[in-house]
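This is structure-v9.txt (compact mmCIF, C-alpha atoms).
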# COMPACT_ATOMS: atom_id res chain seq x y z
CA MET J 1 -40.27 13.66 68.48
CA THR J 2 -38.60 13.95 65.08
CA LEU J 3 -35.14 12.41 64.90
CA LYS J 4 -32.65 13.14 62.17
CA ILE J 5 -29.30 11.42 61.73
CA ASN J 6 -26.34 13.78 61.88
CA ASN J 7 -23.48 13.33 59.44
CA ILE J 8 -25.59 11.02 57.28
CA ASP J 9 -23.00 11.05 54.48
CA LYS J 10 -20.61 8.84 56.46
CA TYR J 11 -22.96 5.85 56.13
CA LEU J 12 -23.12 3.28 53.38
CA LYS J 13 -26.73 3.35 52.15
CA ILE J 14 -28.67 0.53 50.50
CA THR J 15 -32.36 0.89 49.74
CA SER J 16 -34.97 -1.80 49.23
CA ILE J 17 -38.62 -2.56 48.79
CA ASP J 18 -39.67 -5.53 50.91
CA CYS J 19 -42.47 -7.89 49.90
CA HIS J 20 -43.82 -11.31 50.69
CA THR J 21 -45.18 -13.98 48.36
CA GLU J 22 -47.55 -16.31 50.17
CA GLY J 23 -45.70 -15.45 53.39
CA GLU J 24 -42.13 -15.86 52.10
CA PRO J 25 -40.11 -12.61 52.33
CA LEU J 26 -38.32 -10.90 49.47
CA ARG J 27 -36.06 -7.88 49.87
CA ILE J 28 -35.78 -6.23 46.43
CA ILE J 29 -32.65 -4.06 46.30
CA THR J 30 -33.40 -0.69 44.71
CA GLY J 31 -30.22 1.32 45.29
CA GLY J 32 -26.69 1.35 46.66
CA TYR J 33 -25.70 -2.05 45.26
CA PRO J 34 -22.99 -2.40 42.59
CA GLU J 35 -24.06 -3.55 39.13
CA PRO J 36 -22.56 -7.02 38.62
CA HIS J 37 -20.34 -7.63 35.61
CA GLY J 38 -20.79 -10.54 33.22
CA ASN J 39 -22.13 -11.62 29.85
CA THR J 40 -24.44 -14.20 31.39
CA MET J 41 -26.49 -14.27 34.58
CA LEU J 42 -24.29 -17.07 35.89
CA GLU J 43 -21.23 -14.84 35.32
CA LYS J 44 -22.97 -11.99 37.14
CA ARG J 45 -23.78 -14.40 39.98
CA ARG J 46 -20.13 -15.43 40.27
CA TYR J 47 -19.04 -11.77 40.14
CA LEU J 48 -21.17 -10.90 43.17
CA LEU J 49 -19.94 -13.95 45.05
CA ASN J 50 -16.29 -13.11 44.41
CA ASN J 51 -16.44 -9.33 44.86
CA PHE J 52 -19.45 -8.17 46.86
CA ASP J 53 -20.58 -11.01 49.08
CA HIS J 54 -20.28 -8.72 52.11
CA TYR J 55 -23.25 -6.75 50.72
CA ARG J 56 -25.34 -9.92 50.68
CA LYS J 57 -24.45 -10.63 54.31
CA LEU J 58 -25.20 -7.04 55.26
CA LEU J 59 -28.79 -7.34 53.99
CA MET J 60 -29.58 -11.00 54.68
CA PHE J 61 -27.94 -11.45 58.10
CA GLU J 62 -28.90 -9.95 61.44
CA PRO J 63 -29.37 -7.22 62.60
CA ARG J 64 -30.96 -6.07 59.29
CA GLY J 65 -32.19 -9.48 58.21
CA HIS J 66 -32.60 -12.92 59.74
CA GLY J 67 -31.84 -16.57 59.04
CA ASP J 68 -34.80 -16.93 56.67
CA MET J 69 -34.43 -13.65 54.77
CA TYR J 70 -34.36 -13.70 50.97
CA GLY J 71 -33.30 -11.03 48.51
CA ALA J 72 -33.38 -10.07 44.85
CA LEU J 73 -31.19 -7.80 42.76
CA ILE J 74 -32.57 -6.52 39.46
CA THR J 75 -29.79 -6.20 36.87
CA LYS J 76 -29.31 -5.20 33.28
CA PRO J 77 -30.48 -7.99 30.95
CA VAL J 78 -28.02 -10.25 29.17
CA SER J 79 -30.31 -11.15 26.26
CA THR J 80 -31.49 -8.58 23.76
CA ASP J 81 -35.21 -9.27 24.19
CA ALA J 82 -35.35 -9.49 28.00
CA ASP J 83 -36.83 -6.73 30.15
CA PHE J 84 -34.30 -7.21 32.95
CA GLY J 85 -32.08 -9.73 34.69
CA ILE J 86 -32.47 -10.93 38.26
CA LEU J 87 -30.23 -12.51 40.87
CA PHE J 88 -31.38 -14.05 44.15
CA LEU J 89 -29.58 -14.07 47.50
CA HIS J 90 -30.14 -15.83 50.82
CA ASN J 91 -28.34 -16.91 53.98
CA GLU J 92 -25.99 -19.32 52.18
CA GLY J 93 -25.25 -17.52 48.93
CA TYR J 94 -27.00 -17.09 45.59
CA SER J 95 -29.72 -19.34 44.21
CA SER J 96 -30.19 -20.17 40.55
CA MET J 97 -33.92 -19.32 40.35
CA CYS J 98 -36.70 -18.33 42.70
CA GLY J 99 -40.39 -18.55 41.91
CA HIS J 100 -41.68 -16.53 44.84
CA GLY J 101 -39.06 -13.92 43.97
CA ILE J 102 -40.31 -13.64 40.39
CA ILE J 103 -43.92 -13.23 41.56
CA ALA J 104 -42.98 -10.59 44.15
CA THR J 105 -40.71 -8.65 41.79
CA VAL J 106 -43.31 -8.46 39.00
CA THR J 107 -45.94 -7.39 41.54
CA ALA J 108 -43.65 -4.71 42.99
CA LEU J 109 -42.86 -3.34 39.52
CA PHE J 110 -46.59 -2.90 38.95
CA GLU J 111 -47.16 -1.31 42.36
CA CYS J 112 -44.28 1.10 41.71
CA GLY J 113 -45.66 2.15 38.32
CA GLU J 114 -43.03 0.42 36.20
CA ILE J 115 -45.73 -1.74 34.60
CA SER J 116 -49.01 -0.19 33.48
CA LEU J 117 -52.10 -2.28 32.86
CA LYS J 118 -55.66 -1.79 31.71
CA ASN J 119 -58.47 -3.86 33.17
CA ASN J 120 -58.36 -7.47 31.92
CA GLU J 121 -55.05 -6.80 30.13
CA THR J 122 -52.20 -9.28 30.45
CA LYS J 123 -48.58 -8.32 29.90
CA GLN J 124 -45.66 -10.67 29.38
CA ILE J 125 -42.27 -9.86 30.89
CA LYS J 126 -39.14 -11.73 29.91
CA ILE J 127 -36.60 -12.09 32.72
CA ASP J 128 -33.02 -13.36 32.53
CA SER J 129 -32.21 -15.64 35.47
CA PRO J 130 -29.17 -17.82 36.21
CA ALA J 131 -31.29 -20.90 35.45
CA GLY J 132 -32.51 -19.56 32.10
CA ASP J 133 -35.32 -17.53 30.54
CA ILE J 134 -38.33 -16.86 32.75
CA PHE J 135 -41.57 -15.46 31.34
CA GLY J 136 -43.73 -13.60 33.83
CA TYR J 137 -47.36 -12.66 33.23
CA ILE J 138 -49.36 -10.02 35.05
CA SER J 139 -53.05 -9.23 34.68
CA LYS J 140 -55.10 -6.51 36.32
CA THR J 141 -58.26 -7.63 38.10
CA VAL J 142 -60.98 -5.90 40.10
CA THR J 143 -59.24 -6.76 43.39
CA GLY J 144 -55.59 -6.33 42.31
CA VAL J 145 -53.34 -8.28 39.98
CA ASP J 146 -52.77 -11.89 39.03
CA VAL J 147 -49.15 -12.93 38.54
CA ASN J 148 -47.73 -16.19 37.26
CA PHE J 149 -44.63 -17.31 35.41
CA ASP J 150 -43.40 -20.00 33.06
CA CYS J 151 -40.43 -21.71 34.64
CA VAL J 152 -37.41 -23.19 32.88
CA PRO J 153 -37.57 -26.80 31.60
CA SER J 154 -38.23 -28.94 34.67
CA PHE J 155 -37.40 -32.63 34.82
CA VAL J 156 -36.96 -35.69 36.99
CA GLU J 157 -33.35 -36.54 37.78
CA THR J 158 -33.85 -39.82 39.64
CA ARG J 159 -36.72 -41.66 41.33
CA GLU J 160 -37.26 -43.97 44.29
CA GLN J 161 -33.72 -43.93 45.60
CA LYS J 162 -32.97 -44.95 49.18
CA ILE J 163 -30.60 -43.56 51.76
CA THR J 164 -30.02 -44.33 55.43
CA LEU J 165 -29.39 -41.65 58.03
CA PRO J 166 -27.46 -43.19 60.96
CA GLY J 167 -29.58 -43.36 64.08
CA ILE J 168 -32.71 -42.22 62.21
CA GLY J 169 -33.55 -44.74 59.51
CA GLU J 170 -33.99 -45.32 55.80
CA PHE J 171 -35.67 -42.82 53.49
CA THR J 172 -36.98 -43.16 49.96
CA PHE J 173 -36.51 -40.05 47.85
CA ASP J 174 -36.74 -38.55 44.38
CA ILE J 175 -34.66 -35.74 42.85
CA ALA J 176 -36.15 -33.27 40.38
CA PHE J 177 -35.12 -29.94 38.85
CA GLY J 178 -37.35 -26.87 38.49
CA GLY J 179 -34.77 -24.10 38.30
CA ALA J 180 -32.91 -25.79 41.16
CA TYR J 181 -32.46 -29.39 42.26
CA TYR J 182 -34.53 -30.68 45.17
CA VAL J 183 -34.68 -33.92 47.14
CA PHE J 184 -38.34 -34.91 47.50
CA VAL J 185 -39.49 -37.07 50.41
CA ASP J 186 -43.05 -38.34 50.95
CA ALA J 187 -43.70 -37.20 54.52
CA ASP J 188 -46.79 -39.38 54.88
CA GLN J 189 -44.89 -42.52 53.87
CA HIS J 190 -42.24 -41.80 56.51
CA ASP J 191 -44.67 -40.55 59.20
CA ILE J 192 -43.11 -37.07 59.25
CA ASP J 193 -45.16 -34.30 60.84
CA THR J 194 -45.21 -31.34 58.41
CA SER J 195 -47.00 -28.91 60.74
CA GLN J 196 -45.56 -25.63 62.01
CA HIS J 197 -45.18 -27.24 65.45
CA ASN J 198 -42.50 -29.56 64.05
CA VAL J 199 -40.47 -26.94 62.21
CA GLU J 200 -37.22 -27.42 64.15
CA GLN J 201 -37.20 -31.15 63.45
CA LEU J 202 -38.05 -30.52 59.81
CA ILE J 203 -35.09 -28.15 59.51
CA LYS J 204 -32.76 -30.68 61.09
CA LEU J 205 -33.98 -33.59 58.98
CA GLY J 206 -34.07 -31.52 55.79
CA ARG J 207 -30.46 -30.46 56.24
CA GLN J 208 -29.35 -34.01 57.03
CA LEU J 209 -31.06 -35.41 53.95
CA LYS J 210 -29.68 -32.73 51.66
CA GLN J 211 -26.15 -33.31 52.92
CA ALA J 212 -26.38 -37.10 52.77
CA VAL J 213 -27.90 -37.20 49.29
CA SER J 214 -25.40 -34.63 48.00
CA THR J 215 -22.59 -36.83 49.27
CA HIS J 216 -23.89 -39.95 47.52
CA ILE J 217 -25.38 -38.50 44.33
CA GLN J 218 -23.74 -35.87 42.13
CA VAL J 219 -26.39 -34.12 40.06
CA VAL J 220 -25.14 -32.86 36.72
CA HIS J 221 -27.18 -30.22 34.97
CA PRO J 222 -27.32 -30.95 31.23
CA GLU J 223 -26.38 -27.39 30.26
CA HIS J 224 -24.66 -25.47 33.07
CA GLN J 225 -22.18 -26.82 35.62
CA ASP J 226 -22.96 -23.92 37.97
CA LEU J 227 -26.48 -25.38 38.41
CA SER J 228 -25.19 -28.83 39.39
CA PHE J 229 -25.96 -28.80 43.12
CA ILE J 230 -28.83 -29.85 45.36
CA TYR J 231 -30.49 -26.75 46.75
CA GLY J 232 -32.91 -28.18 49.28
CA THR J 233 -35.20 -30.88 50.61
CA ILE J 234 -38.97 -30.81 50.10
CA PHE J 235 -41.28 -32.87 52.29
CA HIS J 236 -44.63 -33.37 50.55
CA SER J 237 -47.82 -34.51 52.21
CA LYS J 238 -51.51 -35.05 51.51
CA GLN J 239 -52.33 -33.57 54.94
CA THR J 240 -53.64 -30.23 53.69
CA VAL J 241 -55.74 -27.53 55.36
CA ASP J 242 -57.86 -26.98 52.26
CA HIS J 243 -59.34 -30.19 50.89
CA ALA J 244 -59.21 -28.67 47.41
CA SER J 245 -55.40 -28.59 47.59
CA HIS J 246 -53.52 -31.41 45.92
CA SER J 247 -50.76 -31.57 48.53
CA LYS J 248 -48.51 -29.63 50.86
CA HIS J 249 -44.83 -28.69 50.57
CA VAL J 250 -42.35 -27.93 53.32
CA CYS J 251 -39.10 -26.82 51.74
CA ILE J 252 -35.83 -26.66 53.71
CA PHE J 253 -33.26 -24.93 51.51
CA ALA J 254 -29.91 -23.11 51.54
CA ASP J 255 -28.49 -23.29 55.09
CA GLY J 256 -31.62 -24.50 56.87
CA GLU J 257 -34.02 -21.84 55.62
CA VAL J 258 -37.72 -22.72 55.76
CA ASP J 259 -39.80 -21.50 52.87
CA ARG J 260 -43.06 -19.99 54.08
CA SER J 261 -44.51 -20.41 50.58
CA PRO J 262 -44.95 -23.72 48.71
CA THR J 263 -41.69 -22.81 46.82
CA GLY J 264 -42.07 -21.77 43.18
CA THR J 265 -39.09 -23.73 41.86
CA GLY J 266 -40.01 -26.66 44.10
CA VAL J 267 -43.56 -26.65 42.76
CA SER J 268 -42.09 -26.58 39.24
CA ALA J 269 -39.85 -29.56 39.98
CA ARG J 270 -42.75 -31.41 41.64
CA SER J 271 -44.87 -30.96 38.52
CA ALA J 272 -42.28 -32.96 36.58
CA LEU J 273 -42.51 -35.73 39.18
CA LEU J 274 -46.31 -35.66 39.10
CA LYS J 275 -46.23 -35.91 35.31
CA ALA J 276 -43.86 -38.88 35.46
CA ASN J 277 -46.21 -40.55 37.98
CA GLY J 278 -49.30 -39.87 35.85
CA GLU J 279 -50.82 -37.58 38.50
CA ILE J 280 -51.15 -34.48 36.35
CA ILE J 281 -51.96 -33.88 32.70
CA GLU J 282 -51.24 -30.90 30.46
CA ASP J 283 -53.35 -27.80 31.27
CA GLN J 284 -54.59 -29.30 34.58
CA SER J 285 -54.16 -26.81 37.43
CA LEU J 286 -53.23 -28.07 40.90
CA GLN J 287 -53.04 -26.17 44.16
CA ILE J 288 -50.07 -26.76 46.48
CA GLU J 289 -50.08 -25.57 50.10
CA SER J 290 -47.20 -24.33 52.25
CA ILE J 291 -46.29 -24.97 55.87
CA ILE J 292 -48.43 -21.95 56.87
CA GLY J 293 -51.36 -22.87 54.60
CA THR J 294 -50.71 -20.38 51.80
CA LYS J 295 -50.99 -21.64 48.23
CA MET J 296 -49.47 -21.64 44.78
CA SER J 297 -51.04 -22.99 41.62
CA VAL J 298 -49.19 -25.07 39.05
CA MET J 299 -50.07 -26.44 35.65
CA ILE J 300 -48.05 -28.01 32.87
CA LYS J 301 -48.03 -25.67 29.91
CA GLN J 302 -45.84 -27.75 27.63
CA GLU J 303 -44.04 -31.06 27.39
CA LEU J 304 -40.68 -31.19 25.63
CA ILE J 305 -37.35 -32.95 25.31
CA TYR J 306 -34.65 -30.85 26.99
CA LYS J 307 -31.06 -31.90 26.34
CA GLY J 308 -32.21 -35.49 25.94
CA LYS J 309 -34.45 -35.46 29.03
CA LYS J 310 -38.24 -35.60 29.20
CA ALA J 311 -39.21 -32.23 30.64
CA VAL J 312 -42.14 -29.90 31.20
CA ILE J 313 -42.63 -26.15 31.23
CA PRO J 314 -44.68 -25.43 34.39
CA THR J 315 -46.75 -22.29 34.90
CA VAL J 316 -46.79 -21.27 38.57
CA GLY J 317 -49.00 -18.62 40.16
CA GLY J 318 -49.25 -16.90 43.53
CA SER J 319 -49.90 -13.58 45.26
CA ALA J 320 -47.39 -11.04 46.57
CA PHE J 321 -47.70 -7.84 48.60
CA ILE J 322 -45.38 -4.98 49.53
CA THR J 323 -44.51 -4.88 53.24
CA GLY J 324 -42.04 -2.02 53.50
CA GLN J 325 -39.68 0.48 51.96
CA HIS J 326 -36.29 0.75 53.60
CA GLU J 327 -33.00 2.61 53.67
CA PHE J 328 -30.36 0.51 55.40
CA LEU J 329 -27.29 2.21 56.82
CA LEU J 330 -23.86 0.90 57.71
CA ASP J 331 -21.68 2.95 60.02
CA PRO J 332 -18.03 2.54 58.97
CA ASN J 333 -17.14 2.11 62.66
CA ASP J 334 -19.68 -0.67 63.28
CA PRO J 335 -17.71 -3.79 64.33
CA LEU J 336 -20.46 -6.04 62.92
CA GLN J 337 -19.84 -5.02 59.33
CA GLN J 338 -21.21 -8.22 57.79
CA GLY J 339 -23.77 -9.06 60.42
CA PHE J 340 -24.27 -12.46 62.02
CA LEU J 341 -26.74 -15.32 62.25
CA LEU J 342 -28.13 -17.10 65.28
CA ARG J 343 -29.93 -20.29 64.26
This entry written out as structure tokens:
Amino acid sequence: MTLKINNIDKYLKITSIDCHTEGEPLRIITGGYPEPHGNTMLEKRRYLLNNFDHYRKLLMFEPRGHGDMYGALITKPVSTDADFGILFLHNEGYSSMCGHGIIATVTALFECGEISLKNNETKQIKIDSPAGDIFGYISKTVTGVDVNFDCVPSFVETREQKITLPGIGEFTFDIAFGGAYYVFVDADQHDIDTSQHNVEQLIKLGRQLKQAVSTHIQVVHPEHQDLSFIYGTIFHSKQTVDHASHSKHVCIFADGEVDRSPTGTGVSARSALLKANGEIIEDQSLQIESIIGTKMSVMIKQELIYKGKKAVIPTVGGSAFITGQHEFLLDPNDPLQQGFLLR
């Protein structure tokens, strides 16, 4: 049976290409979305928040999305030498940077013919993000493509702080920035199970830690006030599936989202912590696992002083794949105009 929608013109239409990077979804918006105004990516981010947040909810929330959906909007660049700008959206709002989103977007551009490559050729793509300049790299191989990116300057904010959650106990944590600020907790030290079977407890604890730390510590980004917020909690563990992996990440971010990947910005921030602890040297590549066993690589490309802080430029790699091509419709009479979430 072939079905065709009558009176199709009455619907609002938004198109997308859906991907995943190491299991984490990305919905790349390809049509029907307004171009955000602004001279910087942070201004564009604020413009969407203030004027078109109902579009974000339409695509991220149920029934078209779910509580762990993630999205990307490609925009006009704000710097003269960038190829494009990018904004990221999720269940809580708009993030400042997203590593899995960069990897998926660059991969999708290649798969859609926007990037052409010869065998063994590597192309650099400059991307404007709210957190700063991102440089993506894509190479064609026999089996597909390799994609990695240089993140923004990543640094340690504070180390070995302690906080007590009433009724639960005391936790030691670090805070580091890798395009976003994360609270890092050693799961092994605190006997926290980081397996998939414990995901509900990880969500609950991750949210509690993020809220408690945010209440007691005000992070201040050295360049942009709009980046001065804690985005998530990352539990790290040596309990890996692959013995060749350095460690495992379980990232709880936004409003209780669980990253299926090791988290590109989280891996970037962790590299700054590992450097401060003497656990990684320049040009050494480490493999970080996710909650589902997928992996990202990270190496320190450069050390620098960023706004008075010791920082690193991490290079992060991973694999992404297209999962769908969609045209989403909104009936003007639908009472659930902005969708809903059941957590």
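Comparing J:Leu48, J:Leu286, J:Met296, J:Val185 by their smallest distance to J:Leu205, the closest is J:Val185 (using only C-alpha atoms).
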Counting all atoms listed in the file, which of J:Met97, J:Ile288, J:Ala82, J:Leu59 gets nearest to J:Gln124? J:Ala82
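Of the listed residues (J:Gln338, J:Thr294, J:Asn39, J:Ser268), J:Thr294 comes nearest to J:Gly318; the distances count all atoms listed in the file.
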Within 12 Å of J:Leu109, counting only C-alpha atoms, which residues show up once you throw out same-chain ones fewer than 6 positions away? Write them as a VMD selection string, please. chain J and resid 17 19 28 30 74 83 to 84 102 to 103 115 to 117 125 136 138 145 147 320 to 322
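Remark: for J:His100, the closest of the candidate residues J:Val316, J:Val199, J:Ile134, J:Ala187 is J:Val316 (distances computed over all atoms listed in the file).
Distance annotation: of J:Asp331, J:Glu279, J:Asp53, J:Glu24, the residue with the minimal separation from J:Gly93 is J:Asp53; atom set is all atoms listed in the file.
Using only C-alpha atoms, the nearest neighbour of J:Arg343 within the list J:Tyr11, J:Phe61, J:Tyr47, J:Phe171 is J:Phe61.
The list of residues with at least one atom within 10 Å of J:Ile305, based on only C-alpha atoms and without residues fewer than 5 positions apart in the same chain, reads Pro153, Phe155, Lys310, Ala311 and Val312 of chain J.
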Show me, as a PyMOL selection string, the residues that have an atom within 12 Å of J:Asn333 when counting only C-alpha atoms, minus same-chain residues fewer than 2 positions from it. chain J and resi 10-12+329-331+335-337
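Put simply, atom CA of J:Thr265 is 28.2 Å away from atom CA of J:Ile168.
For the pair atom CA of J:Lys307 and atom CA of J:His221, the interatomic distance is 9.6 Å.
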